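Enquirer: File name model37.pdb; file contents PDB, C-alpha atoms, pLDDT in the B column; full text below.
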```pdb
ATOM      1  CA  MET A 266      30.471  25.549   2.586  1.00 64.00           C
ATOM      2  CA  VAL A 267      29.319  27.345   5.710  1.00 59.00           C
ATOM      3  CA  ARG A 268      25.935  25.679   5.387  1.00 65.00           C
ATOM      4  CA  VAL A 269      27.578  22.264   5.180  1.00 67.00           C
ATOM      5  CA  LEU A 270      29.658  22.967   8.277  1.00 62.00           C
ATOM      6  CA  ALA A 271      26.577  24.253  10.062  1.00 62.00           C
ATOM      7  CA  GLU A 272      24.718  21.060   9.230  1.00 66.00           C
ATOM      8  CA  VAL A 273      27.613  18.940  10.465  1.00 63.00           C
ATOM      9  CA  THR A 274      28.089  20.850  13.701  1.00 65.00           C
ATOM     10  CA  GLY A 275      24.437  21.769  14.109  1.00 65.00           C
ATOM     11  CA  ASN A 276      25.234  25.317  15.193  1.00 67.00           C
ATOM     12  CA  LEU A 277      25.602  28.251  12.803  1.00 69.00           C
ATOM     13  CA  ASP A 278      26.185  30.822  15.570  1.00 72.00           C
ATOM     14  CA  SER A 279      29.478  29.255  16.623  1.00 73.00           C
ATOM     15  CA  LEU A 280      30.710  29.402  13.036  1.00 75.00           C
ATOM     16  CA  LYS A 281      29.790  33.081  12.855  1.00 79.00           C
ATOM     17  CA  THR A 282      31.834  33.705  15.988  1.00 80.00           C
ATOM     18  CA  VAL A 283      34.839  31.946  14.478  1.00 80.00           C
ATOM     19  CA  GLY A 284      34.374  33.961  11.279  1.00 81.00           C
ATOM     20  CA  ARG A 285      34.299  37.220  13.202  1.00 84.00           C
ATOM     21  CA  GLY A 286      37.500  36.307  14.991  1.00 84.00           C
ATOM     22  CA  LEU A 287      39.204  35.449  11.731  1.00 86.00           C
ATOM     23  CA  VAL A 288      38.098  38.709  10.120  1.00 85.00           C
ATOM     24  CA  ILE A 289      39.414  40.798  13.003  1.00 86.00           C
ATOM     25  CA  GLY A 290      42.671  38.846  13.150  1.00 86.00           C
ATOM     26  CA  LEU A 291      43.349  39.004   9.440  1.00 85.00           C
ATOM     27  CA  ALA A 292      42.328  42.665   9.300  1.00 85.00           C
ATOM     28  CA  ALA A 293      44.949  43.441  11.953  1.00 86.00           C
ATOM     29  CA  ILE A 294      47.831  41.703  10.178  1.00 91.00           C
ATOM     30  CA  GLY A 295      47.973  43.962   7.117  1.00 88.00           C
ATOM     31  CA  PRO A 296      47.841  47.293   8.935  1.00 90.00           C
ATOM     32  CA  GLY A 297      50.329  46.008  11.515  1.00 91.00           C
ATOM     33  CA  VAL A 298      52.876  45.193   8.841  1.00 93.00           C
ATOM     34  CA  GLY A 299      52.101  48.411   6.986  1.00 92.00           C
ATOM     35  CA  LEU A 300      52.575  50.556  10.083  1.00 94.00           C
ATOM     36  CA  GLY A 301      55.858  48.866  10.899  1.00 95.00           C
ATOM     37  CA  ILE A 302      57.246  49.504   7.449  1.00 96.00           C
ATOM     38  CA  LEU A 303      55.903  53.075   7.253  1.00 95.00           C
ATOM     39  CA  ILE A 304      57.194  54.193  10.625  1.00 95.00           C
ATOM     40  CA  GLY A 305      60.539  52.434  10.187  1.00 96.00           C
ATOM     41  CA  LYS A 306      61.192  54.031   6.833  1.00 96.00           C
ATOM     42  CA  SER A 307      60.036  57.434   8.084  1.00 96.00           C
ATOM     43  CA  VAL A 308      62.449  57.326  11.003  1.00 96.00           C
ATOM     44  CA  GLU A 309      65.207  56.243   8.631  1.00 97.00           C
ATOM     45  CA  ALA A 310      64.416  59.145   6.281  1.00 96.00           C
ATOM     46  CA  MET A 311      64.384  61.638   9.180  1.00 96.00           C
ATOM     47  CA  ALA A 312      67.754  60.342  10.362  1.00 96.00           C
ATOM     48  CA  ARG A 313      69.246  60.718   6.899  1.00 96.00           C
ATOM     49  CA  GLN A 314      67.858  64.203   6.206  1.00 95.00           C
ATOM     50  CA  PRO A 315      66.792  65.963   9.412  1.00 94.00           C
ATOM     51  CA  GLU A 316      65.989  69.204   7.586  1.00 96.00           C
ATOM     52  CA  TYR A 317      62.973  67.488   5.970  1.00 95.00           C
ATOM     53  CA  ALA A 318      61.740  65.910   9.204  1.00 95.00           C
ATOM     54  CA  GLY A 319      58.605  68.092   9.319  1.00 94.00           C
ATOM     55  CA  GLN A 320      57.495  67.148   5.816  1.00 96.00           C
ATOM     56  CA  ILE A 321      58.272  63.483   6.382  1.00 95.00           C
ATOM     57  CA  ARG A 322      56.367  63.489   9.672  1.00 96.00           C
ATOM     58  CA  ALA A 323      53.290  65.100   8.092  1.00 96.00           C
ATOM     59  CA  THR A 324      53.268  62.557   5.271  1.00 95.00           C
ATOM     60  CA  MET A 325      53.785  59.751   7.786  1.00 95.00           C
ATOM     61  CA  PHE A 326      50.727  60.779   9.811  1.00 96.00           C
ATOM     62  CA  ILE A 327      48.563  60.872   6.671  1.00 95.00           C
ATOM     63  CA  GLY A 328      49.764  57.367   5.844  1.00 94.00           C
ATOM     64  CA  ILE A 329      49.072  56.176   9.393  1.00 94.00           C
ATOM     65  CA  GLY A 330      45.506  57.449   9.136  1.00 93.00           C
ATOM     66  CA  LEU A 331      44.940  55.634   5.858  1.00 91.00           C
ATOM     67  CA  ILE A 332      46.418  52.391   7.148  1.00 91.00           C
ATOM     68  CA  GLU A 333      44.403  52.495  10.364  1.00 90.00           C
ATOM     69  CA  ALA A 334      41.236  52.942   8.302  1.00 91.00           C
ATOM     70  CA  LEU A 335      41.824  49.439   6.902  1.00 86.00           C
ATOM     71  CA  ALA A 336      41.820  47.954  10.393  1.00 86.00           C
ATOM     72  CA  LEU A 337      38.623  49.812  11.247  1.00 89.00           C
ATOM     73  CA  PHE A 338      36.981  48.460   8.089  1.00 87.00           C
ATOM     74  CA  GLY A 339      37.897  44.958   9.205  1.00 83.00           C
ATOM     75  CA  ILE A 340      36.328  45.495  12.610  1.00 84.00           C
ATOM     76  CA  ALA A 341      33.193  46.944  11.002  1.00 86.00           C
ATOM     77  CA  PHE A 342      32.924  43.959   8.651  1.00 82.00           C
ATOM     78  CA  SER A 343      33.197  41.583  11.582  1.00 79.00           C
ATOM     79  CA  PHE A 344      30.093  43.171  13.099  1.00 81.00           C
ATOM     80  CA  ILE A 345      28.254  42.837   9.788  1.00 81.00           C
ATOM     81  CA  ILE A 346      28.883  39.067   9.640  1.00 71.00           C
TER      82      ILE A 346
END
```
Take the structure I supplied and represent it as structure tokens, if you would.

Expert:
Amino acid sequence: MVRVLAEVTGNLDSLKTVGRGLVIGLAAIGPGVGLGILIGKSVEAMARQPEYAGQIRATMFIGIGLIEALALFGIAFSFII
């Protein structure tokens, strides 16, 4: 399909640029939603049981690192395209 669009427009480089933008944009949506849910629920859990705040915070930071890795993969894939 990309080849057909390239033949119609006559420029494959512009389609690659659009593809890179889409990859970065879509790769940011998932981690953004994931971080919002993770941090919101962690704050809620800390408010309900403050004595476990340290354990919840440590688990939250591990989750943040894993979620942010997805966004970095998306950026890396956009450079591969």

Enquirer: Pull out every residue that the PyMOL selection byres ((chain A and resi 302-316) around 12) matches in the shown coordinates and put them as a PyMOL selection string.

Expert: chain A and resi 295-301+317-333

Enquirer: Tell me, in Å to one decimal, how far CA of Leu335 (chain A) is from CA of Thr282 (chain A).

Expert: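 These two atoms are separated by 20.7 Å.
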
Enquirer: With 12 Å as the threshold, what does the neighbourhood of (36.8, 41.2, 13.6) contain in terms of residues, counting only C-alpha atoms? Coordinates are those of the file; answer as a PDB file with C-alpha atoms, in the coordinates of the input.

Expert:
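After the write, part05.pdb holds the following:
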```pdb
ATOM      1  CA  LYS A 281      29.790  33.081  12.855  1.00 79.00           C
ATOM      2  CA  THR A 282      31.834  33.705  15.988  1.00 80.00           C
ATOM      3  CA  VAL A 283      34.839  31.946  14.478  1.00 80.00           C
ATOM      4  CA  GLY A 284      34.374  33.961  11.279  1.00 81.00           C
ATOM      5  CA  ARG A 285      34.299  37.220  13.202  1.00 84.00           C
ATOM      6  CA  GLY A 286      37.500  36.307  14.991  1.00 84.00           C
ATOM      7  CA  LEU A 287      39.204  35.449  11.731  1.00 86.00           C
ATOM      8  CA  VAL A 288      38.098  38.709  10.120  1.00 85.00           C
ATOM      9  CA  ILE A 289      39.414  40.798  13.003  1.00 86.00           C
ATOM     10  CA  GLY A 290      42.671  38.846  13.150  1.00 86.00           C
ATOM     11  CA  LEU A 291      43.349  39.004   9.440  1.00 85.00           C
ATOM     12  CA  ALA A 292      42.328  42.665   9.300  1.00 85.00           C
ATOM     13  CA  ALA A 293      44.949  43.441  11.953  1.00 86.00           C
ATOM     14  CA  ILE A 294      47.831  41.703  10.178  1.00 91.00           C
ATOM     15  CA  LEU A 335      41.824  49.439   6.902  1.00 86.00           C
ATOM     16  CA  ALA A 336      41.820  47.954  10.393  1.00 86.00           C
ATOM     17  CA  LEU A 337      38.623  49.812  11.247  1.00 89.00           C
ATOM     18  CA  PHE A 338      36.981  48.460   8.089  1.00 87.00           C
ATOM     19  CA  GLY A 339      37.897  44.958   9.205  1.00 83.00           C
ATOM     20  CA  ILE A 340      36.328  45.495  12.610  1.00 84.00           C
ATOM     21  CA  ALA A 341      33.193  46.944  11.002  1.00 86.00           C
ATOM     22  CA  PHE A 342      32.924  43.959   8.651  1.00 82.00           C
ATOM     23  CA  SER A 343      33.197  41.583  11.582  1.00 79.00           C
ATOM     24  CA  PHE A 344      30.093  43.171  13.099  1.00 81.00           C
ATOM     25  CA  ILE A 345      28.254  42.837   9.788  1.00 81.00           C
ATOM     26  CA  ILE A 346      28.883  39.067   9.640  1.00 71.00           C
TER      27      ILE A 346
END
```

Enquirer: Around all listed atoms of region 285-298 of chain A, padded 3 Å per side, what centre and edge lengths does the axis-aligned box have in Å to one decimal, as JSON?

Expert:
```
{"center_x": 43.6, "center_y": 41.4, "center_z": 11.1, "size_x": 24.6, "size_y": 17.8, "size_z": 13.9}
```
